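Below you'll find the structure, written out as structure tokens, and then a few comments.
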Amino acid sequence: MSRSRRSTARRVVGFGAALVLGVGAALVVAGPASAVVPFAGTPTAGWRVNGNTFAVKVVGNRVYVGGTFTQAIAPNGTTRPRANLAAFDVTTGALIEEFRADTNGSVRALVSDGSTVYAGGTFTTVSGVSRQRVAAVDAATGAVRPFVAQADSTVHALDLRAGRLFVGGSFGRVGGVVRPRLAAVNPTTGAVDAQFAPQPNNNVLAVRANPAGSVVYIAGDFTGVGPVGRGGLAALNGVTGAPIAPVFGDTYRPSLGLDMNEDGSRLFVAAGALGNQVQAYNPTTGVRLWRQRADGDVQAVAYHAGTVYFGFHESFEADTRLRMLAADATTGAIDPTFRPVFDLFWGVRAISASDAGLAAGGEFNWVSTVRAQGVVTWRGAGGGPGPQPPAVMLDANTSWRYLAGPSAAPAGWEQPGFADGAWPAGRPQLGYGDGDETTVVPFGPSAAAKWRTTYLRASFTLAARPASATLQLLVDDGAVVYLNGTELVRDNMPAGAVTYGTFAATNRSGTGENQFRTFAVDPARLAVGANTVAVEVHQDAANSSDLGFDARLS
């Protein structure tokens, strides 16, 4: 979806919650959460992928991940080829080595019955076998099943219920049969259900069958199903696909995701466009029960054990670090103990949860303090509330002032009171030469005569001193870090006095130049109130090909 207009209305609008209204007052909702997030607050430092994720599905102790990527990457930098589909342990984050089902195009939807994983997307082969945009593979090994249900365009949505696989997307035909944008097929053979023919007039982006009945719900960019008007959200007869009551109130186009609770009494909707909200509906009456509004499209929604997890882009209540939150399924109240922070704008596009763990996929490189490109998991915590995520002081959204030039920075540059307002600013990674920089800094007059040292400064504010603190530092080649004017850490630098002309102790290249190194920080060094971090990054030689810098403090 394109970037959405920032919403001016905030937070939850609920029905059945306590309302306080006054002259000129905004609508206020009371109602504490009754459910708690049953997952550890800190994400698992597991494997990641080298691209973006559009679908995740937790099955047992595994999470299946689909998107656009070519490799799975271990925390130590080890890689394994995996094209657009992979499986990981949801509690440890480790790659499931024996599962392999590479596709030649993106995977955008996943569903499973425990023994088989169904995938939908833009691909036309799986492990070299022809499968047009929808396929079934063995859940243990990834071996391609004999199931064949060829779709002639993208599959965006899948759901499996009562012996039928529901397939939604932008296609016109499935298995050669006219089925615009929505079909039901036999999950063993792929044969198209002859009775189910709803014909929505635009793309179907999500589908859910009621676990306690025969109704099927769809969400997308449509304005009608067959001859009947329905805007972005519709209930269908589970046998014929004909639209049925209710007509849902206050819907938005496109709606991007759906989920339901265990007994089918609540329907949860991820709304995009100007809706920018997660919504809870009574699926019998169509009445909206509550909503939570983000500042960008709500792109994913998943229900588990009394909690609704929702993912979005841009921000929430102007906090640009947030891309995923948890709400009480009954009241809509946000759980204050689950507030992971993300580093990239587009954020979370897919969520799945079970008692074993919680998984999210999307476009991000870091979640809180954990390197987690494309996919992140949280282990189950026995049904109790997890610990609070760590307070983040420096992260991927930190703005660093920097100075690169032929001579040293002015005296006192590392002190809190130094005036750095004239220095340019940028977000990490800062550097040059590798092509993975968010901010490119100048390097000097020529490739053979690079400037030896680059200076950087950032600041943050603490309401209270933490019990512990950790610095994670990525440096190519060496650095000295100062906190509030005094030296804190040396990384790959010689002992003794350091000047502008001092070279790093050794060269860093390959994997070593892209690794974060961890340093314990005495919390007594942190000040309540304003804090300043200053870093000087040194090359190992005058003709060094590249420079890199990033830092996390939590």
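The chains in the structure tokens are called A, B, ... from first to last as shown; in each chain the residues are counted from 1, and the ligands are counted from 1 in the order shown.
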**OP:** With a distance cut-off of 6 Å and only C-alpha atoms, select the neighbouring residues of region 198-210 of chain A, excluding the residue or stretch itself and same-chain residues fewer than 4 positions from it, and output the selection as a PyMOL selection string.
**Re:** chain A and resi 156-157+159+168-170+180-181+215-222+224-226+241-242+256-258+264
Subject >> All residues 6 Å or closer to region 124-137 of chain A, only C-alpha atoms, same chain fewer than 3 positions away omitted, as a list in words >> reply: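 The filter keeps Ala101, Asp102, Thr103, Asn104, Thr116, Val117, Tyr118, Ala119, Gly120, Gly121, Gly142, Ala143, Val144, Arg145, Gln150 and Ala151 of chain A.
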Subject >> Neighbour list for Thr461 (chain A) as a PyMOL selection string, cut-off 8 Å, only C-alpha atoms, skip fewer than 2 positions in-chain >> reply: chain A and resi 393+459+463+528-531
**OP:** Would you please give, as a VMD selection string, all residues of region 244-479 of chain A that DSSP assigns to strand (DSSP E) based on the backbone?
**Re:** chain A and resid 244 255 to 260 267 to 271 277 to 281 288 to 293 298 to 304 307 to 312 324 to 328 347 to 353 357 to 363 366 to 367 370 to 371 375 to 379 400 to 404 425 to 426 430 to 432 439 to 440 453 to 462 469 to 476 478 to 479
Original post:
Restricting the calculation to only C-alpha atoms, which member of A:Pro211, A:Gly357, A:Gly175, A:Gly275 is positioned closest to Asp89 (chain A)?
Top reply: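 Closest residue, counting only C-alpha atoms: A:Gly357.
Among the candidates A:Arg48, A:Arg508, A:Lys57, A:Arg379, the one nearest to Ala350 (chain A) when counting only C-alpha atoms is A:Lys57.
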Please list as a compact mmCIF listing (two decimals) with C-alpha atoms, in the first residue's frame every residue within 7 Å of Arg452 (chain A), counting only C-alpha atoms and excluding residues in the same chain fewer than 6 positions away.
```
# COMPACT_ATOMS: atom_id res chain seq x y z
CA TYR A 500 43.02 12.34 14.00
CA GLY A 501 45.90 10.47 12.32
CA HIS A 538 39.12 5.49 12.37
CA GLN A 539 40.27 3.84 9.17
CA ALA A 542 44.66 5.94 4.05
```
Subject >> Pick from A:Ala520, A:Ala527, A:Ala139, A:Ala504 nearest to Val111 (chain A), counting only C-alpha atoms >> reply: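 Residue with the minimum atom-to-atom distance to Val111 (chain A): A:Ala139.
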Original post:
Which of these, A:Asn84, A:Thr438, A:Thr502, A:Thr307, has the shortest distance to Ala326 (chain A) once you count only C-alpha atoms?
Top reply: A:Thr307
Original post:
What does the distance between CA of Glu437 (chain A) and CA of Leu526 (chain A) come to in Å, to one decimal place?
Top reply: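 Computing it gives 28.8 Å between the two atoms.
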**OP:** Mind giving me the straight-line distance from CA of Gly347 (chain A) to CA of Gly311 (chain A) in Å, one decimal?
**Re:** 7.2 Å
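If only C-alpha atoms are the atoms counted, then among A:Tyr482, A:Tyr281, A:Tyr455, A:Phe549 the closest residue to Glu513 (chain A) is A:Phe549.
Minimum atom-to-atom distances from A:Thr284, A:Gln279, A:Thr251, A:Thr331 to Phe310 (chain A) were compared using only C-alpha atoms, and the lowest value belongs to A:Gln279.
In this structure, CA of Gln299 (chain A) sits 19.7 Å away from CA of Phe69 (chain A).
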**OP:** Write out as a VMD selection string which residues come within 9 Å of Asp193 (chain A) when counting only C-alpha atoms, dropping same-chain ones fewer than 2 positions away.
**Re:** chain A and resid 164 183 to 186 191 195 to 197
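Residues lying within 9 Å of Phe248 (chain A), counting only C-alpha atoms and ignoring same-chain neighbours fewer than 4 positions away, are A:Arg230, A:Gly231, A:Leu233, A:Ala234, A:Ala235, A:Tyr281, A:Asn282, A:Pro283, A:Thr285, A:Gly286, A:Val287, A:Arg288.
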Original post:
Within 9 Å of Arg339 (chain A), counting only C-alpha atoms, which residues qualify if same-chain residues fewer than 4 places away don't, as a list in words?
Top reply: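 After dropping sequence-adjacent residues, the list is Gly41, Leu322, Arg323, Met324, Leu325, Ala326, Asp335, Ser368, Gln388 and Pro389 of chain A.
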